[in-house]
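Peer 1: So I've got this file, model_16.pdb, and it contains PDB, C-alpha atoms:
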```pdb
ATOM      1  CA  MET W  23     -11.921  -1.104  13.925
ATOM      2  CA  SER W  24     -13.323   1.932  12.233
ATOM      3  CA  ALA W  25     -13.588   3.725   8.916
ATOM      4  CA  LYS W  26     -10.758   6.058   9.906
ATOM      5  CA  GLU W  27      -8.399   3.121  10.169
ATOM      6  CA  PHE W  28      -9.277   2.156   6.627
ATOM      7  CA  ASP W  29      -8.807   5.813   5.637
ATOM      8  CA  ALA W  30      -5.294   5.591   7.044
ATOM      9  CA  LEU W  31      -4.633   2.419   5.064
ATOM     10  CA  ALA W  32      -5.900   4.094   1.888
ATOM     11  CA  VAL W  33      -3.338   6.870   2.367
ATOM     12  CA  ILE W  34      -0.534   4.463   3.257
ATOM     13  CA  ALA W  35      -1.269   2.287   0.233
ATOM     14  CA  LEU W  36      -1.063   5.353  -1.966
ATOM     15  CA  ARG W  37       2.302   6.228  -0.460
ATOM     16  CA  LYS W  38       3.536   2.701  -1.081
ATOM     17  CA  GLY W  39       2.352   3.033  -4.671
ATOM     18  CA  LYS W  40       4.292   6.269  -5.095
ATOM     19  CA  PHE W  41       7.364   4.749  -3.493
ATOM     20  CA  TYR W  42       7.128   1.696  -5.723
ATOM     21  CA  GLN W  43       6.804   3.745  -8.909
ATOM     22  CA  LYS W  44       9.744   5.950  -7.972
ATOM     23  CA  THR W  45      11.929   2.976  -7.062
ATOM     24  CA  ARG W  46      10.854   0.962 -10.095
ATOM     25  CA  ASP W  47      11.605   3.767 -12.534
ATOM     26  CA  THR W  48      15.078   4.166 -11.061
ATOM     27  CA  LEU W  49      15.735   0.447 -10.990
ATOM     28  CA  LEU W  50      14.577  -0.308 -14.520
ATOM     29  CA  GLY W  51      16.812   2.417 -15.884
ATOM     30  CA  GLN W  52      19.847   0.624 -14.466
ATOM     31  CA  LEU W  53      19.074  -3.001 -15.213
ATOM     32  CA  PRO W  54      21.058  -4.865 -17.852
ATOM     33  CA  PRO W  55      19.049  -5.567 -21.028
ATOM     34  CA  ASN W  56      18.970  -9.334 -20.458
ATOM     35  CA  VAL W  57      16.954  -9.021 -17.256
ATOM     36  CA  ASP W  58      13.235  -9.809 -17.369
ATOM     37  CA  GLN W  59      11.800  -6.421 -16.466
ATOM     38  CA  GLN W  60       8.259  -7.702 -15.956
ATOM     39  CA  ASP W  61       9.481 -10.219 -13.403
ATOM     40  CA  VAL W  62      11.521  -7.583 -11.604
ATOM     41  CA  LYS W  63       8.581  -5.191 -11.527
ATOM     42  CA  GLN W  64       6.189  -7.800 -10.139
ATOM     43  CA  ARG W  65       8.580  -8.992  -7.457
ATOM     44  CA  LEU W  66       9.441  -5.465  -6.411
ATOM     45  CA  ARG W  67       5.773  -4.507  -6.326
ATOM     46  CA  THR W  68       4.864  -7.390  -4.050
ATOM     47  CA  ALA W  69       7.851  -6.765  -1.804
ATOM     48  CA  ILE W  70       7.035  -3.074  -1.378
ATOM     49  CA  ALA W  71       3.339  -3.783  -0.846
ATOM     50  CA  ARG W  72       4.296  -6.015   2.088
ATOM     51  CA  ILE W  73       6.474  -3.458   3.852
ATOM     52  CA  ASP W  74       5.314  -2.660   7.371
ATOM     53  CA  ASN W  75       2.554  -0.039   7.083
ATOM     54  CA  ARG W  76       4.002   2.020   9.923
ATOM     55  CA  LEU W  77       7.128   2.711   7.890
ATOM     56  CA  PHE W  78       5.045   4.915   5.611
ATOM     57  CA  LEU W  79       4.066   7.308   8.353
ATOM     58  CA  ALA W  80       6.156  10.403   8.943
ATOM     59  CA  LYS W  81       7.651  10.715  12.408
ATOM     60  CA  GLU W  82       5.513  13.764  13.026
ATOM     61  CA  GLU W  83       2.401  11.848  12.043
ATOM     62  CA  GLN W  84       3.260   9.049  14.450
ATOM     63  CA  LYS W  85       3.846  11.560  17.189
ATOM     64  CA  GLU W  86       0.647  13.515  16.575
ATOM     65  CA  ASN W  87      -1.439  10.498  15.541
ATOM     66  CA  ILE W  88      -2.672  12.470  12.561
ATOM     67  CA  ILE W  89      -2.011  11.522   8.956
ATOM     68  CA  ASP W  90      -1.601  14.360   6.496
ATOM     69  CA  PRO W  91      -2.823  12.962   3.156
ATOM     70  CA  THR W  92      -1.345  15.957   1.353
ATOM     71  CA  LEU W  93       2.203  15.129   2.413
ATOM     72  CA  PRO W  94       4.244  14.102  -0.629
ATOM     73  CA  ILE W  95       6.422  11.018  -0.292
ATOM     74  CA  GLU W  96       9.564  13.125  -0.635
ATOM     75  CA  ARG W  97       8.765  14.774   2.689
ATOM     76  CA  LEU W  98       7.987  11.653   4.703
ATOM     77  CA  GLN W  99      11.641  11.108   5.659
ATOM     78  CA  LEU W 100      11.237   7.381   5.210
ATOM     79  CA  ASN W 101      13.401   4.981   7.185
ATOM     80  CA  SER W 102      15.320   3.743   4.171
ATOM     81  CA  ASP W 103      17.435   1.263   6.141
ATOM     82  CA  GLU W 104      14.432  -0.593   7.497
ATOM     83  CA  ILE W 105      12.623  -0.427   4.152
ATOM     84  CA  LYS W 106      15.693  -1.826   2.430
ATOM     85  CA  LYS W 107      15.893  -4.619   4.994
ATOM     86  CA  GLN W 108      12.259  -5.584   4.544
ATOM     87  CA  VAL W 109      12.364  -5.461   0.750
ATOM     88  CA  LEU W 110      15.497  -7.591   0.614
ATOM     89  CA  ARG W 111      13.902 -10.093   2.988
ATOM     90  CA  GLU W 112      10.767 -10.283   0.826
ATOM     91  CA  LEU W 113      12.907 -10.807  -2.257
ATOM     92  CA  GLY W 114      14.893 -13.527  -0.526
ATOM     93  CA  ILE W 115      18.135 -11.578  -0.722
ATOM     94  CA  PRO W 116      20.219 -11.842   2.458
ATOM     95  CA  SER W 117      21.064  -8.406   3.850
ATOM     96  CA  GLU W 118      24.406  -7.558   5.369
TER      97      GLU W 118
ATOM     98  CA  MET H  19      18.544  -8.400 -10.100
ATOM     99  CA  GLY H  20      21.745  -6.849  -8.783
ATOM    100  CA  GLU H  21      21.583  -6.132  -5.079
ATOM    101  CA  SER H  22      23.563  -2.912  -5.289
ATOM    102  CA  ILE H  23      21.379  -1.595  -8.101
ATOM    103  CA  LEU H  24      18.291  -2.465  -6.086
ATOM    104  CA  ILE H  25      19.616  -0.794  -2.949
ATOM    105  CA  LYS H  26      20.434   2.364  -4.892
ATOM    106  CA  ALA H  27      16.935   2.388  -6.390
ATOM    107  CA  LEU H  28      15.333   1.927  -2.970
ATOM    108  CA  ALA H  29      17.432   4.785  -1.637
ATOM    109  CA  VAL H  30      16.178   7.004  -4.441
ATOM    110  CA  GLY H  31      12.615   5.894  -3.727
ATOM    111  CA  ALA H  32      12.952   6.849  -0.088
ATOM    112  CA  SER H  33      14.982   9.981  -0.660
ATOM    113  CA  ALA H  34      13.880  13.534  -0.117
ATOM    114  CA  THR H  35      15.113  14.584  -3.518
ATOM    115  CA  ILE H  36      12.655  15.961  -5.975
ATOM    116  CA  PRO H  37      12.522  13.998  -9.244
ATOM    117  CA  GLY H  38      14.727  15.436 -11.936
ATOM    118  CA  ALA H  39      13.862  16.628 -15.406
ATOM    119  CA  GLY H  40      11.781  14.134 -17.332
ATOM    120  CA  ALA H  41      10.458  12.463 -14.206
ATOM    121  CA  VAL H  42       6.886  12.762 -13.073
ATOM    122  CA  ILE H  43       6.560  15.388 -10.370
ATOM    123  CA  VAL H  44       4.526  14.004  -7.512
ATOM    124  CA  PRO H  45       1.519  16.242  -6.956
ATOM    125  CA  LEU H  46       0.131  16.996  -3.559
ATOM    126  CA  TYR H  47      -2.534  14.536  -2.615
ATOM    127  CA  ALA H  48      -5.487  16.772  -3.313
ATOM    128  CA  ALA H  49      -9.031  15.930  -2.429
ATOM    129  CA  TRP H  50      -8.808  12.407  -3.723
ATOM    130  CA  SER H  51     -11.270   9.831  -2.618
ATOM    131  CA  TYR H  52      -9.437   8.106   0.208
ATOM    132  CA  ALA H  53     -12.427   8.867   2.412
ATOM    133  CA  SER H  54     -14.786   6.954   0.153
ATOM    134  CA  ILE H  55     -12.272   4.125  -0.022
ATOM    135  CA  GLY H  56     -11.992   4.091   3.763
ATOM    136  CA  MET H  57     -15.731   4.182   4.272
ATOM    137  CA  GLY H  58     -16.327   1.574   1.585
ATOM    138  CA  ALA H  59     -13.683  -0.706   3.060
ATOM    139  CA  TYR H  60     -15.096  -0.304   6.530
ATOM    140  CA  SER H  61     -18.617  -1.042   5.330
ATOM    141  CA  LEU H  62     -17.461  -4.208   3.584
ATOM    142  CA  TYR H  63     -15.394  -5.197   6.586
ATOM    143  CA  SER H  64     -18.304  -4.655   8.979
ATOM    144  CA  THR H  65     -20.688  -6.660   6.858
ATOM    145  CA  TRP H  66     -18.163  -9.436   6.606
ATOM    146  CA  GLN H  67     -17.594  -9.502  10.337
ATOM    147  CA  LYS H  68     -21.226  -9.189  11.384
ATOM    148  CA  ASN H  69     -22.868 -11.574   8.997
ATOM    149  CA  LYS H  70     -21.223 -14.925   9.145
ATOM    150  CA  GLU H  71     -23.731 -16.585   6.856
ATOM    151  CA  ALA H  72     -23.375 -13.914   4.202
ATOM    152  CA  ARG H  73     -19.624 -14.148   4.587
ATOM    153  CA  ASN H  74     -19.681 -17.853   3.907
ATOM    154  CA  ILE H  75     -21.835 -17.331   0.814
ATOM    155  CA  ARG H  76     -19.490 -14.667  -0.481
ATOM    156  CA  LEU H  77     -16.518 -16.863   0.240
ATOM    157  CA  ALA H  78     -18.123 -19.662  -1.744
ATOM    158  CA  GLN H  79     -18.889 -17.278  -4.605
ATOM    159  CA  PHE H  80     -15.418 -15.883  -4.440
ATOM    160  CA  ALA H  81     -13.802 -19.299  -4.364
ATOM    161  CA  ALA H  82     -15.866 -20.274  -7.391
ATOM    162  CA  GLY H  83     -14.565 -17.316  -9.347
ATOM    163  CA  VAL H  84     -10.936 -17.279  -8.355
ATOM    164  CA  ALA H  85      -8.471 -20.073  -7.938
ATOM    165  CA  ASP H  86      -8.265 -20.589  -4.198
ATOM    166  CA  THR H  87      -4.642 -21.541  -4.399
ATOM    167  CA  THR H  88      -3.759 -17.934  -5.210
ATOM    168  CA  LEU H  89      -4.852 -16.812  -1.774
ATOM    169  CA  GLY H  90      -3.453 -17.423   1.654
ATOM    170  CA  GLY H  91      -5.135 -17.018   5.024
ATOM    171  CA  SER H  92      -8.463 -15.510   5.978
ATOM    172  CA  GLU H  93      -6.973 -11.999   6.300
ATOM    173  CA  GLU H  94      -5.763 -12.198   2.730
ATOM    174  CA  ARG H  95      -9.146 -13.402   1.506
ATOM    175  CA  LEU H  96     -10.941 -10.638   3.367
ATOM    176  CA  ALA H  97      -8.543  -8.005   2.030
ATOM    177  CA  ASP H  98      -9.021  -9.326  -1.484
ATOM    178  CA  TYR H  99     -12.782  -9.228  -1.060
ATOM    179  CA  ILE H 100     -12.661  -5.636   0.209
ATOM    180  CA  VAL H 101     -10.341  -4.321  -2.486
ATOM    181  CA  THR H 102     -12.083  -6.187  -5.311
ATOM    182  CA  ASN H 103     -15.418  -4.681  -4.319
ATOM    183  CA  ILE H 104     -14.032  -1.180  -3.866
ATOM    184  CA  GLN H 105     -12.528  -1.450  -7.333
ATOM    185  CA  LYS H 106     -16.019  -2.033  -8.688
ATOM    186  CA  THR H 107     -17.172   1.319  -7.301
ATOM    187  CA  GLY H 108     -14.501   3.150  -9.290
ATOM    188  CA  ALA H 109     -13.062   4.760  -6.149
ATOM    189  CA  ILE H 110      -9.641   3.200  -6.624
ATOM    190  CA  ALA H 111      -9.401   4.317 -10.233
ATOM    191  CA  GLU H 112     -10.465   7.809  -9.209
ATOM    192  CA  ALA H 113      -7.864   8.053  -6.446
ATOM    193  CA  ALA H 114      -5.228   6.641  -8.772
ATOM    194  CA  ASN H 115      -6.046   9.120 -11.509
ATOM    195  CA  GLU H 116      -5.882  12.044  -9.118
ATOM    196  CA  THR H 117      -2.496  11.077  -7.754
ATOM    197  CA  GLY H 118      -0.644   9.558 -10.686
ATOM    198  CA  VAL H 119      -0.458   6.062  -9.239
ATOM    199  CA  ASN H 120      -1.349   3.184 -11.524
ATOM    200  CA  PRO H 121      -4.738   1.752 -10.409
ATOM    201  CA  ALA H 122      -3.434  -1.832 -10.458
ATOM    202  CA  VAL H 123      -0.435  -0.799  -8.377
ATOM    203  CA  TYR H 124      -2.673   1.004  -5.917
ATOM    204  CA  SER H 125      -4.977  -2.015  -5.646
ATOM    205  CA  ASP H 126      -2.038  -4.294  -4.875
ATOM    206  CA  MET H 127      -0.660  -1.903  -2.285
ATOM    207  CA  LEU H 128      -4.056  -1.542  -0.632
ATOM    208  CA  LYS H 129      -4.647  -5.277  -0.590
ATOM    209  CA  GLU H 130      -1.335  -6.061   1.105
ATOM    210  CA  SER H 131      -1.663  -3.125   3.498
ATOM    211  CA  VAL H 132      -5.135  -4.256   4.569
ATOM    212  CA  THR H 133      -3.951  -7.851   4.919
ATOM    213  CA  SER H 134      -1.112  -6.723   7.137
ATOM    214  CA  ALA H 135      -3.376  -4.511   9.243
ATOM    215  CA  LEU H 136      -5.920  -7.302   9.666
ATOM    216  CA  SER H 137      -3.156  -9.668  10.717
ATOM    217  CA  CYS H 138      -2.019  -7.187  13.359
ATOM    218  CA  GLY H 139      -5.549  -6.606  14.627
ATOM    219  CA  PHE H 140      -5.307  -2.952  13.586
ATOM    220  CA  GLN H 141      -3.721  -1.909  16.886
ATOM    221  CA  GLU H 142      -1.172   0.098  14.989
ATOM    222  CA  PHE H 143      -3.788   2.525  13.655
ATOM    223  CA  ALA H 144      -6.252   2.671  16.508
ATOM    224  CA  LYS H 145      -5.280   6.224  17.440
ATOM    225  CA  LEU H 146      -4.617   7.597  13.996
ATOM    226  CA  SER H 147      -6.870  10.064  12.302
ATOM    227  CA  ILE H 148      -6.719  11.914   9.020
ATOM    228  CA  GLY H 149      -5.582  15.510   9.053
ATOM    229  CA  LYS H 150      -6.003  18.190   6.450
ATOM    230  CA  LEU H 151      -8.787  17.734   3.967
ATOM    231  CA  VAL H 152      -7.729  19.719   0.973
ATOM    232  CA  ALA H 153     -10.133  21.046  -1.586
ATOM    233  CA  ALA H 154      -9.401  20.194  -5.209
TER     234      ALA H 154
END
```
Before anything else, please render the file you have as structure tokens.
Peer 2:
Amino acid sequence: MSAKEFDALAVIALRKGKFYQKTRDTLLGQLPPNVDQQDVKQRLRTAIARIDNRLFLAKEEQKENIIDPTLPIERLQLNSDEIKKQVLRELGIPSE
Amino acid sequence: MGESILIKALAVGASATIPGAGAVIVPLYAAWSYASIGMGAYSLYSTWQKNKEARNIRLAQFAAGVADTTLGGSEERLADYIVTNIQKTGAIAEAANETGVNPAVYSDMLKESVTSALSCGFQEFAKLSIGKLVAA
């Protein structure tokens, strides 16, 4: 295990953070007023933090084995189906 | 929380669309300090792995300061130790400030990501390297 592997994790964690903030902002704007927003935020945050790290690598990065830290999350072409599945599982919500 | 609302929000989070008016535009990840975070994490990890005695002392100190029930296995404890100590250097706050991610959010994401990687034995990242280093 080397420093570069921790470098990769630092980039992936940042991407998860961006993804969380984007998802959270969308979600909170749609929640009914009687929902505990703090609880929702915390649960969502934990669920997204636990998503498989590899899902936050672009296909090109996986192919080339090189992470581009300048790549914005909008251009990662995330696997939304698998992310959705993992988040729902973490939240204890059965998926279809 | 409503499942359909959540699924829509996740889809937006993963989408390629650029945030609309009023939303925060995600900047390119400029020369933020992931390298110092990576090096710091590796240094802490190496020390932890190499020095069993020191590790046990730190574990005891850590357990004295934090309720042990909040933590799970050894990977989680090690990840918590790494991230807590990197936080003290200010590197996480610096990276967060440069990229618009809340420092507490970033810390949580890093902690869980490191825990997961430790649990997997890091095989998933053995071949990865970092590409473009961009000047600020």
Peer 1: As a list in words, please: the residues near range 64-78 of chain W (cut-off 8 Å, only C-alpha atoms, same-chain neighbours under 4 positions excluded).
Peer 2: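 Here the qualifying residues turn out to be Leu31, Ile34, Ala35, Arg37, Lys38, Gly39, Tyr42, Arg46, Gln60, Leu98, Leu100, Asn101, Ile105, Gln108, Val109, Glu112 and Leu113 of chain W; Val123, Asp126, Met127, Leu128, Glu130, Ser131, Ser134, Ala135 and Glu142 of chain H.
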Peer 1: Please write as a ChimeraX atom specification the full residue list that the PyMOL selection byres ((chain H and resi 23-28) around 6) yields on this file.
Peer 2: /W:45,48-49 /H:20-22,29-31
Peer 1: Restricting the output to C-alpha atoms, write the selected residues as a PDB file, keeping the file's coordinate frame.
Peer 2:
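Full text of out35.pdb as output:
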```
ATOM      1  CA  THR W  45      11.929   2.976  -7.062  1.00  0.00           C
ATOM      2  CA  THR W  48      15.078   4.166 -11.061  1.00  0.00           C
ATOM      3  CA  LEU W  49      15.735   0.447 -10.990  1.00  0.00           C
TER       4      LEU W  49
ATOM      5  CA  GLY H  20      21.745  -6.849  -8.783  1.00  0.00           C
ATOM      6  CA  GLU H  21      21.583  -6.132  -5.079  1.00  0.00           C
ATOM      7  CA  SER H  22      23.563  -2.912  -5.289  1.00  0.00           C
ATOM      8  CA  ALA H  29      17.432   4.785  -1.637  1.00  0.00           C
ATOM      9  CA  VAL H  30      16.178   7.004  -4.441  1.00  0.00           C
ATOM     10  CA  GLY H  31      12.615   5.894  -3.727  1.00  0.00           C
TER      11      GLY H  31
END
```
Peer 1: Grab the CA of Ala111 in chain H to CA of Ala32 in chain W distance for me, in Å with one decimal place.
Peer 2: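 One can read the CA of Ala111 in chain H to CA of Ala32 in chain W distance as 12.6 Å.
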Peer 1: Point out the residue among W:Arg111, W:Asn87, W:Asp103, W:Asp61 with the least atom-to-atom distance to chain H, counting all atoms listed in the file.
Peer 2: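 Closest to chain H of all the choices is W:Asn87.
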Peer 1: Residue by residue, what does the PyMOL selection byres ((chain H and resi 100) around 9) grab here? Present the result as JSON, numbers by chain.
Peer 2: {"H": [58, 59, 60, 62, 63, 95, 96, 97, 98, 99, 101, 102, 103, 104, 105, 129, 132]}
Peer 1: Would you work out the distance separating CA of Val33 in chain W from CA of Lys63 in chain W, expressed in Å to one decimal?
Peer 2: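 Value for the CA of Val33 in chain W-CA of Lys63 in chain W distance: 21.9 Å.
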Peer 1: Record the distance separating CA of Glu27 in chain W and CA of Ser147 in chain H, expressed in Å with one decimal.
Peer 2: 7.4 Å
Peer 1: With only C-alpha atoms as the atoms that count, which of H:Ser137, H:Asn115, H:Met57, H:Ala122 lies nearest to chain W?
Peer 2: H:Met57
Peer 1: Kindly indicate which residue among W:Glu96, W:Asp47, W:Asp90, W:Glu83 lies nearest to Asp29 in chain W, using only C-alpha atoms for the distances.
Peer 2: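 Between W:Glu96, W:Asp47, W:Asp90, W:Glu83, the residue approaching Asp29 in chain W most closely is W:Asp90.
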Peer 1: Just so the selection is clear, what residues does the PyMOL selection byres ((chain H and resi 110) around 8) cover here, as a CSV table (one decimal) with C-alpha atoms, in the coordinates of the input?
Peer 2:
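expr.csv, freshly written:
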```
chain,number,residue,atom,x,y,z
H,51,SER,CA,-11.3,9.8,-2.6
H,55,ILE,CA,-12.3,4.1,0.0
H,104,ILE,CA,-14.0,-1.2,-3.9
H,105,GLN,CA,-12.5,-1.4,-7.3
H,107,THR,CA,-17.2,1.3,-7.3
H,108,GLY,CA,-14.5,3.2,-9.3
H,109,ALA,CA,-13.1,4.8,-6.1
H,111,ALA,CA,-9.4,4.3,-10.2
H,112,GLU,CA,-10.5,7.8,-9.2
H,113,ALA,CA,-7.9,8.1,-6.4
H,114,ALA,CA,-5.2,6.6,-8.8
H,121,PRO,CA,-4.7,1.8,-10.4
H,124,TYR,CA,-2.7,1.0,-5.9
H,125,SER,CA,-5.0,-2.0,-5.6
```
Peer 1: Write out as a list in words which residues come within 8 Å of Ile95 in chain W when counting all atoms listed in the file, dropping same-chain ones fewer than 2 positions away.
Peer 2: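 Counting all atoms listed in the file, the residues come to Arg37, Lys40, Phe41, Leu93, Arg97, Leu98 and Gln99 of chain W; Ala32 and Ala34 of chain H.
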Peer 1: Between W:Leu50, W:Ala25, W:Leu79, W:Leu110, which has the minimum distance to chain H (counting all atoms listed in the file)?
Peer 2: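 Among the listed residues, the smallest separation from chain H belongs to W:Ala25.
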Peer 1: Closest to Lys145 in chain H among W:Lys26, W:Thr92, W:Ile115, W:Leu53, using all atoms listed in the file?
Peer 2: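 Among the listed residues, the smallest separation from Lys145 in chain H belongs to W:Lys26.
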Peer 1: Taking all listed atoms of range 102-110 of chain H, build the axis-aligned box, pad each of the six sides by 4 Å, then write its centre and edge lengths in Å to one decimal as lines of an AutoDock Vina configuration file.
Peer 2:
```
center_x = -13.4
center_y = -0.7
center_z = -6.6
size_x = 15.5
size_y = 18.9
size_z = 13.4
```
